[in-house]
>>> print(open('work.json').read())   # JSON, C-alpha atoms
[["chain", "number", "residue", "atom", "x", "y", "z"],
["A", 1, "MET", "CA", -13.46, -19.36, -4.53],
["A", 2, "LYS", "CA", -14.10, -15.63, -4.40],
["A", 3, "ILE", "CA", -12.14, -13.12, -2.34],
["A", 4, "VAL", "CA", -12.96, -9.42, -2.03],
["A", 5, "LEU", "CA", -10.17, -6.88, -2.09],
["A", 6, "ALA", "CA", -11.30, -4.15, 0.29],
["A", 7, "THR", "CA", -10.05, -1.09, -1.55],
["A", 8, "ARG", "CA", -11.45, 1.56, -3.86],
["A", 9, "ASN", "CA", -7.99, 2.44, -5.18],
["A", 10, "PRO", "CA", -8.09, 1.37, -8.85],
["A", 11, "LYS", "CA", -4.28, 1.36, -9.08],
["A", 12, "LYS", "CA", -3.95, -1.11, -6.22],
["A", 13, "VAL", "CA", -6.28, -3.82, -7.57],
["A", 14, "PRO", "CA", -4.17, -5.07, -10.52],
["A", 15, "GLU", "CA", -1.01, -4.91, -8.39],
["A", 16, "VAL", "CA", -2.51, -7.11, -5.67],
["A", 17, "ARG", "CA", -4.11, -9.48, -8.19],
["A", 18, "SER", "CA", -0.71, -9.93, -9.84],
["A", 19, "ILE", "CA", 1.02, -10.59, -6.52],
["A", 20, "LEU", "CA", -1.53, -13.21, -5.49],
["A", 21, "GLU", "CA", -1.45, -14.87, -8.91],
["A", 22, "GLU", "CA", 2.35, -15.08, -8.84],
["A", 23, "ALA", "CA", 2.09, -16.60, -5.37],
["A", 24, "GLY", "CA", -0.14, -19.39, -6.67],
["A", 25, "VAL", "CA", -3.45, -18.27, -5.21],
["A", 26, "SER", "CA", -6.17, -19.67, -7.49],
["A", 27, "ALA", "CA", -9.14, -17.54, -6.55],
["A", 28, "GLU", "CA", -11.31, -14.93, -8.21],
["A", 29, "VAL", "CA", -10.31, -11.60, -6.70],
["A", 30, "LEU", "CA", -13.18, -9.13, -6.77],
["A", 31, "ALA", "CA", -12.67, -5.40, -6.52],
["A", 32, "LEU", "CA", -14.87, -3.43, -4.15],
["A", 33, "ASP", "CA", -16.67, -1.78, -7.07],
["A", 34, "ALA", "CA", -18.48, -5.12, -7.51],
["A", 35, "PHE", "CA", -20.29, -4.19, -4.28],
["A", 36, "PRO", "CA", -21.56, -0.62, -4.79],
["A", 37, "ASP", "CA", -23.42, -0.66, -1.48],
["A", 38, "ALA", "CA", -20.32, -1.67, 0.51],
["A", 39, "PRO", "CA", -19.68, 0.64, 3.46],
["A", 40, "GLU", "CA", -17.01, 3.33, 3.49],
["A", 41, "VAL", "CA", -14.65, 2.48, 6.34],
["A", 42, "PRO", "CA", -12.76, 5.43, 7.89],
["A", 43, "GLU", "CA", -9.12, 4.71, 8.69],
["A", 44, "THR", "CA", -9.19, 5.81, 12.32],
["A", 45, "GLU", "CA", -6.55, 3.52, 13.84],
["A", 46, "PRO", "CA", -3.04, 4.80, 14.73],
["A", 47, "ASN", "CA", -1.22, 1.99, 12.90],
["A", 48, "PHE", "CA", -1.30, 0.11, 9.60],
["A", 49, "ILE", "CA", -2.50, -3.21, 11.04],
["A", 50, "GLY", "CA", -5.43, -1.59, 12.82],
["A", 51, "ASN", "CA", -6.61, 0.22, 9.71],
["A", 52, "ALA", "CA", -6.31, -2.89, 7.52],
["A", 53, "LEU", "CA", -8.34, -4.93, 10.01],
["A", 54, "LEU", "CA", -11.06, -2.26, 10.18],
["A", 55, "LYS", "CA", -11.54, -2.45, 6.42],
["A", 56, "ALA", "CA", -11.34, -6.23, 6.03],
["A", 57, "ARG", "CA", -13.70, -6.93, 8.95],
["A", 58, "ALA", "CA", -16.33, -4.55, 7.61],
["A", 59, "ILE", "CA", -16.17, -5.92, 4.05],
["A", 60, "ALA", "CA", -16.15, -9.57, 5.15],
["A", 61, "GLU", "CA", -19.25, -8.93, 7.24],
["A", 62, "HIS", "CA", -20.98, -7.01, 4.43],
["A", 63, "THR", "CA", -20.22, -9.45, 1.60],
["A", 64, "GLN", "CA", -20.02, -12.69, 3.60],
["A", 65, "LEU", "CA", -16.93, -13.49, 1.56],
["A", 66, "PRO", "CA", -13.28, -13.67, 2.61],
["A", 67, "ALA", "CA", -11.88, -10.14, 2.51],
["A", 68, "ILE", "CA", -8.32, -9.00, 2.19],
["A", 69, "ALA", "CA", -7.23, -5.47, 2.92],
["A", 70, "ASP", "CA", -4.03, -3.62, 3.39],
["A", 71, "ASP", "CA", -2.90, -0.34, 4.77],
["A", 72, "SER", "CA", 0.43, 0.96, 3.72],
["A", 73, "GLY", "CA", 2.49, 4.07, 3.55],
["A", 74, "LEU", "CA", 5.82, 5.78, 3.64],
["A", 75, "SER", "CA", 7.71, 6.36, 6.88],
["A", 76, "VAL", "CA", 10.50, 8.92, 6.51],
["A", 77, "ASP", "CA", 13.31, 8.88, 9.06],
["A", 78, "GLU", "CA", 13.82, 12.64, 9.00],
["A", 79, "LEU", "CA", 10.07, 13.18, 9.58],
["A", 80, "GLN", "CA", 10.05, 10.91, 12.65],
["A", 81, "GLY", "CA", 8.21, 8.17, 10.79],
["A", 82, "MET", "CA", 5.65, 10.35, 9.08],
["A", 83, "PRO", "CA", 3.61, 10.46, 6.85],
["A", 84, "GLY", "CA", 2.96, 6.90, 8.12],
["A", 85, "VAL", "CA", -0.74, 6.10, 8.32],
["A", 86, "LEU", "CA", -1.45, 9.57, 6.89],
["A", 87, "SER", "CA", 0.50, 8.86, 3.69],
["A", 88, "ALA", "CA", -2.56, 8.84, 1.41],
["A", 89, "ARG", "CA", -3.78, 12.22, 2.65],
["A", 90, "TRP", "CA", -0.56, 13.86, 3.87],
["A", 91, "ALA", "CA", -1.20, 17.11, 1.98],
["A", 92, "GLY", "CA", -4.92, 17.22, 2.85],
["A", 93, "ARG", "CA", -7.66, 15.88, 0.61],
["A", 94, "PHE", "CA", -7.50, 16.46, -3.13],
["A", 95, "GLY", "CA", -9.22, 15.03, -6.20],
["A", 96, "GLU", "CA", -8.05, 11.59, -7.22],
["A", 97, "GLY", "CA", -5.78, 12.84, -10.00],
["A", 98, "ASP", "CA", -4.11, 15.45, -7.80],
["A", 99, "GLN", "CA", -3.73, 13.56, -4.49],
["A", 100, "ASP", "CA", -0.52, 11.66, -5.25],
["A", 101, "ARG", "CA", 1.13, 14.75, -6.70],
["A", 102, "ALA", "CA", 0.17, 16.95, -3.74],
["A", 103, "ASN", "CA", 1.37, 14.39, -1.18],
["A", 104, "LEU", "CA", 4.69, 13.89, -2.94],
["A", 105, "ASP", "CA", 5.22, 17.63, -3.41],
["A", 106, "LEU", "CA", 4.75, 18.18, 0.32],
["A", 107, "VAL", "CA", 7.22, 15.47, 1.34],
["A", 108, "LEU", "CA", 9.80, 16.81, -1.11],
["A", 109, "ASP", "CA", 9.30, 20.32, 0.27],
["A", 110, "GLN", "CA", 9.71, 19.05, 3.83],
["A", 111, "LEU", "CA", 12.98, 17.34, 2.88],
["A", 112, "ALA", "CA", 14.27, 20.17, 0.71],
["A", 113, "ASP", "CA", 17.23, 20.96, 3.00],
["A", 114, "THR", "CA", 17.90, 17.38, 4.06],
["A", 115, "PRO", "CA", 21.25, 15.95, 2.83],
["A", 116, "PRO", "CA", 21.35, 12.60, 1.01],
["A", 117, "GLU", "CA", 22.68, 10.67, 4.02],
["A", 118, "ARG", "CA", 19.57, 11.61, 6.03],
["A", 119, "ARG", "CA", 16.97, 10.90, 3.34],
["A", 120, "GLY", "CA", 16.30, 7.32, 4.46],
["A", 121, "GLY", "CA", 12.87, 5.83, 4.90],
["A", 122, "GLN", "CA", 10.78, 2.77, 4.38],
["A", 123, "PHE", "CA", 7.58, 1.61, 2.78],
["A", 124, "VAL", "CA", 5.45, -0.40, 5.24],
["A", 125, "CYS", "CA", 2.46, -2.59, 4.44],
["A", 126, "ALA", "CA", 0.10, -4.49, 6.72],
["A", 127, "ALA", "CA", -2.00, -7.03, 4.80],
["A", 128, "VAL", "CA", -4.81, -8.95, 6.44],
["A", 129, "LEU", "CA", -7.26, -11.70, 5.61],
["A", 130, "VAL", "CA", -10.60, -11.82, 7.41],
["A", 131, "MET", "CA", -13.05, -14.69, 6.95],
["A", 132, "PRO", "CA", -16.80, -14.31, 7.46],
["A", 133, "ASP", "CA", -16.50, -16.62, 10.50],
["A", 134, "GLY", "CA", -14.09, -14.16, 12.13],
["A", 135, "THR", "CA", -10.82, -15.98, 11.38],
["A", 136, "GLU", "CA", -8.04, -13.46, 10.80],
["A", 137, "MET", "CA", -4.46, -13.50, 9.55],
["A", 138, "VAL", "CA", -2.05, -10.56, 9.60],
["A", 139, "ALA", "CA", 1.21, -10.07, 7.71],
["A", 140, "GLU", "CA", 3.61, -7.15, 7.39],
["A", 141, "GLY", "CA", 6.14, -6.17, 4.76],
["A", 142, "VAL", "CA", 8.87, -3.51, 4.95],
["A", 143, "VAL", "CA", 11.31, -2.28, 2.32],
["A", 144, "ARG", "CA", 14.03, 0.21, 3.23],
["A", 145, "GLY", "CA", 15.39, 2.80, 0.86],
["A", 146, "ARG", "CA", 16.17, 6.46, 0.28],
["A", 147, "LEU", "CA", 14.26, 9.39, -1.17],
["A", 148, "LEU", "CA", 15.48, 11.35, -4.17],
["A", 149, "ARG", "CA", 15.02, 15.07, -4.68],
["A", 150, "GLU", "CA", 13.14, 14.72, -7.98],
["A", 151, "ARG", "CA", 10.71, 12.25, -9.53],
["A", 152, "ARG", "CA", 11.89, 9.45, -11.81],
["A", 153, "GLY", "CA", 9.73, 6.90, -13.61],
["A", 154, "GLU", "CA", 6.14, 6.54, -14.77],
["A", 155, "ASN", "CA", 5.09, 3.23, -13.16],
["A", 156, "GLY", "CA", 3.65, 2.68, -9.71],
["A", 157, "PHE", "CA", 1.84, 5.37, -7.75],
["A", 158, "GLY", "CA", 2.06, 7.40, -4.57],
["A", 159, "TYR", "CA", 5.64, 8.01, -3.49],
["A", 160, "ASP", "CA", 7.16, 5.48, -5.93],
["A", 161, "PRO", "CA", 8.78, 8.12, -8.20],
["A", 162, "VAL", "CA", 11.22, 9.27, -5.49],
["A", 163, "PHE", "CA", 11.88, 6.00, -3.60],
["A", 164, "VAL", "CA", 14.99, 3.96, -4.40],
["A", 165, "PRO", "CA", 15.05, 0.65, -2.47],
["A", 166, "ASP", "CA", 18.29, -0.39, -0.78],
["A", 167, "GLY", "CA", 20.46, -2.36, -3.19],
["A", 168, "HIS", "CA", 18.91, -0.74, -6.27],
["A", 169, "THR", "CA", 19.71, 2.27, -8.43],
["A", 170, "VAL", "CA", 16.23, 2.91, -9.86],
["A", 171, "THR", "CA", 13.04, 4.12, -8.20],
["A", 172, "THR", "CA", 10.09, 1.80, -7.71],
["A", 173, "ALA", "CA", 8.34, 3.89, -10.40],
["A", 174, "GLU", "CA", 11.09, 2.91, -12.87],
["A", 175, "MET", "CA", 10.69, -0.81, -12.19],
["A", 176, "ALA", "CA", 8.52, -3.17, -14.23],
["A", 177, "PRO", "CA", 5.52, -4.37, -12.21],
["A", 178, "GLU", "CA", 6.95, -7.86, -11.68],
["A", 179, "GLU", "CA", 10.29, -6.42, -10.56],
["A", 180, "LYS", "CA", 8.59, -4.09, -8.08],
["A", 181, "ASN", "CA", 6.30, -6.85, -6.78],
["A", 182, "ALA", "CA", 9.32, -9.05, -6.07],
["A", 183, "ILE", "CA", 10.78, -6.55, -3.58],
["A", 184, "SER", "CA", 7.90, -4.28, -2.56],
["A", 185, "HIS", "CA", 6.42, -3.97, 0.91],
["A", 186, "ARG", "CA", 3.04, -4.97, -0.48],
["A", 187, "GLY", "CA", 4.55, -7.92, -2.33],
["A", 188, "ILE", "CA", 6.30, -9.12, 0.84],
["A", 189, "ALA", "CA", 3.13, -8.80, 2.93],
["A", 190, "PHE", "CA", 0.83, -10.50, 0.44],
["A", 191, "ARG", "CA", 3.27, -13.33, -0.26],
["A", 192, "THR", "CA", 3.28, -13.96, 3.48],
["A", 193, "LEU", "CA", -0.51, -14.34, 3.28],
["A", 194, "ALA", "CA", -0.31, -16.44, 0.13],
["A", 195, "SER", "CA", 0.08, -19.89, 1.69],
["A", 196, "GLU", "CA", -3.02, -19.32, 3.80],
["A", 197, "LEU", "CA", -4.98, -17.98, 0.84],
["A", 198, "ALA", "CA", -3.85, -20.88, -1.36],
["A", 199, "GLU", "CA", -5.19, -23.37, 1.17],
["A", 200, "LEU", "CA", -8.55, -21.58, 1.29],
["A", 201, "ALA", "CA", -8.80, -21.52, -2.49]]
>>> encode(input="work.json", output="structure tokens")
Amino acid sequence: MKIVLATRNPKKVPEVRSILEEAGVSAEVLALDAFPDAPEVPETEPNFIGNALLKARAIAEHTQLPAIADDSGLSVDELQGMPGVLSARWAGRFGEGDQDRANLDLVLDQLADTPPERRGGQFVCAAVLVMPDGTEMVAEGVVRGRLLRERRGENGFGYDPVFVPDGHTVTTAEMAPEEKNAISHRGIAFRTLASELAELA
């Protein structure tokens, strides 16, 4: 069975493949670059679930294959839940190599005067499966934590270098991929989908 992962983020593909494999999903997971004529889907919804469904519905219709998509981001308590759905473009739009750095720099600047006890936040992920016949499944994952003042670690991407999950002493960028997948918002959401995906496969 083939499943399309509706993302053009090259860092996200191996992470999701690993999560699904660990969850026992025996399917060939295709990246969106296998479909160069696939439509670009603007993320215009006000929440993670809405944006994930927009992408998965469009790709399932285009490819006539089951499509999985996610939308995820960082919600910072002190910023009233922002960047939220704007996490990937919080600092505006930059080239691929500069986007993560610019977004993280802006959040750190915005929290520069915030004391440790108010630097809480959470990673949120909505993961969805859409079948060509219109069947849909939605799952969410949340991991709470706190934000450091400086980056630590070389793994992961996005805001990982400053996020320490509750109950841990290292950032998600300092964790090995399997360790991060075990506790991450994306891991939680995709494992929730896994039983359904395993049945389809």
>>> residues_near_point(input="work.json", point="(-12.0, -7.5, 2.6)", cutoff="6 Å", atoms="all atoms listed in the file", output="number ranges by chain")
A: 4-6, 56, 59-60, 67-69
>>> residues_near_point(input="work.json", point="(5.6, 0.8, 1.5)", cutoff="7 Å", atoms="only C-alpha atoms", output="number ranges by chain")
A: 72-74, 122-125, 142-143, 184-186
>>> closest_atom_pairs(input="work.json", of="range 61-106 of chain A", to="range 156-178 of chain A", cutoff="12 Å", atoms="all atoms listed in the file", output="Markdown table")
| residue | atom | partner | partner_atom | distance |
| --- | --- | --- | --- | --- |
| A:Ser72 | CA | A:Gly158 | CA | 10.6 |
| A:Gly73 | CA | A:Tyr159 | CA | 8.7 |
| A:Leu74 | CA | A:Tyr159 | CA | 7.5 |
| A:Ser75 | CA | A:Tyr159 | CA | 10.7 |
| A:Val76 | CA | A:Phe163 | CA | 10.6 |
| A:Pro83 | CA | A:Tyr159 | CA | 10.8 |
| A:Gly84 | CA | A:Tyr159 | CA | 12.0 |
| A:Ser87 | CA | A:Gly158 | CA | 8.5 |
| A:Ala88 | CA | A:Gly158 | CA | 7.7 |
| A:Arg89 | CA | A:Gly158 | CA | 10.5 |
| A:Trp90 | CA | A:Gly158 | CA | 10.9 |
| A:Glu96 | CA | A:Gly158 | CA | 11.3 |
| A:Gly97 | CA | A:Phe157 | CA | 10.9 |
| A:Asp98 | CA | A:Gly158 | CA | 10.6 |
| A:Gln99 | CA | A:Gly158 | CA | 8.5 |
| A:Asp100 | CA | A:Gly158 | CA | 5.0 |
| A:Arg101 | CA | A:Gly158 | CA | 7.7 |
| A:Ala102 | CA | A:Gly158 | CA | 9.8 |
| A:Asn103 | CA | A:Gly158 | CA | 7.8 |
| A:Leu104 | CA | A:Tyr159 | CA | 6.0 |
| A:Asp105 | CA | A:Tyr159 | CA | 9.6 |
| A:Leu106 | CA | A:Tyr159 | CA | 10.9 |
>>> atom_distance(input="work.json", atom1="CA of Pro39 in chain A", atom2="CA of Leu193 in chain A")
24.3 Å
>>> atom_distance(input="work.json", atom1="CA of Lys12 in chain A", atom2="CA of Ser26 in chain A")
18.7 Å
>>> closest_residue(input="work.json", among="A:Asp33, A:Arg57, A:Thr135, A:Glu78", to="Ala112 in chain A", atoms="only C-alpha atoms")
A:Glu78
>>> closest_residue(input="work.json", among="A:Gly187, A:Gly145, A:Gly92, A:Gly134", to="Glu22 in chain A", atoms="all atoms listed in the file")
A:Gly187
>>> residues_around(input="work.json", residues="Pro116 in chain A", least_positions_apart="6", cutoff="10 Å", atoms="all atoms listed in the file", output="PDB file with C-alpha atoms, in the coordinates of the input")
ATOM      1  CA  ARG A 146      16.170   6.460   0.280  1.00  0.00           C
ATOM      2  CA  LEU A 147      14.260   9.390  -1.170  1.00  0.00           C
ATOM      3  CA  LEU A 148      15.480  11.350  -4.170  1.00  0.00           C
ATOM      4  CA  ARG A 149      15.020  15.070  -4.680  1.00  0.00           C
TER       5      ARG A 149
END
>>> axis_aligned_box(input="work.json", around="range 16-35 of chain A", padding_each_side="6 Å", output="AutoDock Vina command-line options")
--center_x -9.0 --center_y -10.7 --center_z -7.0 --size_x 34.6 --size_y 29.9 --size_z 17.7
>>> residues_around(input="work.json", residues="Lys55 in chain A", least_positions_apart="5", cutoff="12 Å", atoms="all atoms listed in the file", output="ChimeraX atom specification")
/A:4-8,32,38-45,48-50,60-62,66-71,126-130
>>> atom_distance(input="work.json", atom1="CA of Thr192 in chain A", atom2="CA of Ala139 in chain A")
6.1 Å
>>> closest_residue(input="work.json", among="A:Leu111, A:Ala52, A:Met137, A:Ala27", to="Met82 in chain A", atoms="all atoms listed in the file")
A:Leu111
>>> closest_residue(input="work.json", among="A:Arg152, A:Asp37, A:Ile19, A:Gly24", to="Ile183 in chain A", atoms="all atoms listed in the file")
A:Ile19
>>> closest_residue(input="work.json", among="A:Gln80, A:Asn47, A:Thr63, A:Asn9", to="Gly121 in chain A", atoms="all atoms listed in the file")
A:Gln80
>>> closest_residue(input="work.json", among="A:Asn51, A:Asn155, A:Leu86, A:Arg144", to="Lys11 in chain A", atoms="all atoms listed in the file")
A:Asn155
>>> residues_around(input="work.json", residues="Glu21 in chain A", least_positions_apart="5", cutoff="12 Å", atoms="only C-alpha atoms", output="ChimeraX atom specification")
/A:14-16,26-29,178,181,187,190-191,194-195,197-198,201
>>> build_atoms(input="work.json", residues="range 21-32 of chain A", atoms="all heavy atoms", output="mmCIF file, in the frame of the given file")
data_model
loop_
_atom_site.group_PDB
_atom_site.id
_atom_site.type_symbol
_atom_site.label_atom_id
_atom_site.label_comp_id
_atom_site.auth_asym_id
_atom_site.auth_seq_id
_atom_site.Cartn_x
_atom_site.Cartn_y
_atom_site.Cartn_z
ATOM 1 N N GLU A 21 -1.557 -13.896 -7.825
ATOM 2 C CA GLU A 21 -1.450 -14.870 -8.910
ATOM 3 C C GLU A 21 -0.050 -15.467 -8.958
ATOM 4 O O GLU A 21 0.116 -16.685 -9.083
ATOM 5 C CB GLU A 21 -1.777 -14.181 -10.240
ATOM 6 C CG GLU A 21 -1.805 -15.129 -11.424
ATOM 7 C CD GLU A 21 -2.221 -14.417 -12.703
ATOM 8 O OE1 GLU A 21 -3.170 -13.624 -12.664
ATOM 9 O OE2 GLU A 21 -1.573 -14.667 -13.738
ATOM 10 N N GLU A 22 0.963 -14.605 -8.836
ATOM 11 C CA GLU A 22 2.350 -15.080 -8.840
ATOM 12 C C GLU A 22 2.626 -15.996 -7.654
ATOM 13 O O GLU A 22 3.491 -16.878 -7.726
ATOM 14 C CB GLU A 22 3.310 -13.893 -8.824
ATOM 15 C CG GLU A 22 3.328 -13.094 -10.113
ATOM 16 C CD GLU A 22 4.090 -11.788 -9.973
ATOM 17 O OE1 GLU A 22 4.804 -11.609 -8.958
ATOM 18 O OE2 GLU A 22 3.980 -10.939 -10.872
ATOM 19 N N ALA A 23 1.888 -15.790 -6.570
ATOM 20 C CA ALA A 23 2.090 -16.600 -5.370
ATOM 21 C C ALA A 23 1.305 -17.915 -5.418
ATOM 22 O O ALA A 23 1.346 -18.699 -4.476
ATOM 23 C CB ALA A 23 1.701 -15.813 -4.133
ATOM 24 N N GLY A 24 0.564 -18.130 -6.503
ATOM 25 C CA GLY A 24 -0.140 -19.390 -6.670
ATOM 26 C C GLY A 24 -1.519 -19.444 -6.055
ATOM 27 O O GLY A 24 -2.061 -20.530 -5.837
ATOM 28 N N VAL A 25 -2.106 -18.296 -5.778
ATOM 29 C CA VAL A 25 -3.450 -18.270 -5.210
ATOM 30 C C VAL A 25 -4.459 -18.363 -6.353
ATOM 31 O O VAL A 25 -4.567 -17.448 -7.175
ATOM 32 C CB VAL A 25 -3.704 -16.984 -4.399
ATOM 33 C CG1 VAL A 25 -5.137 -16.933 -3.894
ATOM 34 C CG2 VAL A 25 -2.729 -16.922 -3.236
ATOM 35 N N SER A 26 -5.184 -19.469 -6.424
ATOM 36 C CA SER A 26 -6.170 -19.670 -7.490
ATOM 37 C C SER A 26 -7.551 -19.309 -6.961
ATOM 38 O O SER A 26 -8.304 -20.154 -6.495
ATOM 39 C CB SER A 26 -6.141 -21.119 -7.969
ATOM 40 O OG SER A 26 -6.370 -22.005 -6.886
ATOM 41 N N ALA A 27 -7.856 -18.037 -7.019
ATOM 42 C CA ALA A 27 -9.140 -17.540 -6.550
ATOM 43 C C ALA A 27 -9.528 -16.347 -7.403
ATOM 44 O O ALA A 27 -8.677 -15.658 -7.961
ATOM 45 C CB ALA A 27 -9.078 -17.150 -5.084
ATOM 46 N N GLU A 28 -10.825 -16.122 -7.517
ATOM 47 C CA GLU A 28 -11.310 -14.930 -8.210
ATOM 48 C C GLU A 28 -11.268 -13.761 -7.242
ATOM 49 O O GLU A 28 -11.937 -13.776 -6.213
ATOM 50 C CB GLU A 28 -12.745 -15.154 -8.705
ATOM 51 C CG GLU A 28 -13.311 -13.969 -9.465
ATOM 52 C CD GLU A 28 -14.750 -14.179 -9.900
ATOM 53 O OE1 GLU A 28 -15.313 -15.262 -9.617
ATOM 54 O OE2 GLU A 28 -15.320 -13.254 -10.495
ATOM 55 N N VAL A 29 -10.455 -12.770 -7.567
ATOM 56 C CA VAL A 29 -10.310 -11.600 -6.700
ATOM 57 C C VAL A 29 -11.225 -10.500 -7.213
ATOM 58 O O VAL A 29 -11.060 -9.998 -8.322
ATOM 59 C CB VAL A 29 -8.851 -11.111 -6.657
ATOM 60 C CG1 VAL A 29 -8.727 -9.893 -5.742
ATOM 61 C CG2 VAL A 29 -7.923 -12.228 -6.186
ATOM 62 N N LEU A 30 -12.192 -10.150 -6.396
ATOM 63 C CA LEU A 30 -13.180 -9.130 -6.770
ATOM 64 C C LEU A 30 -12.775 -7.782 -6.191
ATOM 65 O O LEU A 30 -12.385 -7.687 -5.026
ATOM 66 C CB LEU A 30 -14.564 -9.516 -6.230
ATOM 67 C CG LEU A 30 -15.118 -10.874 -6.664
ATOM 68 C CD1 LEU A 30 -16.414 -11.165 -5.929
ATOM 69 C CD2 LEU A 30 -15.355 -10.890 -8.175
ATOM 70 N N ALA A 31 -12.894 -6.757 -7.006
ATOM 71 C CA ALA A 31 -12.670 -5.400 -6.520
ATOM 72 C C ALA A 31 -13.914 -4.933 -5.782
ATOM 73 O O ALA A 31 -15.016 -5.459 -5.964
ATOM 74 C CB ALA A 31 -12.352 -4.466 -7.679
ATOM 75 N N LEU A 32 -13.756 -3.922 -4.966
ATOM 76 C CA LEU A 32 -14.870 -3.430 -4.150
ATOM 77 C C LEU A 32 -15.957 -2.786 -5.000
ATOM 78 O O LEU A 32 -17.112 -2.705 -4.571
ATOM 79 C CB LEU A 32 -14.343 -2.431 -3.112
ATOM 80 C CG LEU A 32 -15.188 -2.244 -1.845
ATOM 81 C CD1 LEU A 32 -15.485 -3.569 -1.167
ATOM 82 C CD2 LEU A 32 -14.474 -1.298 -0.891
#
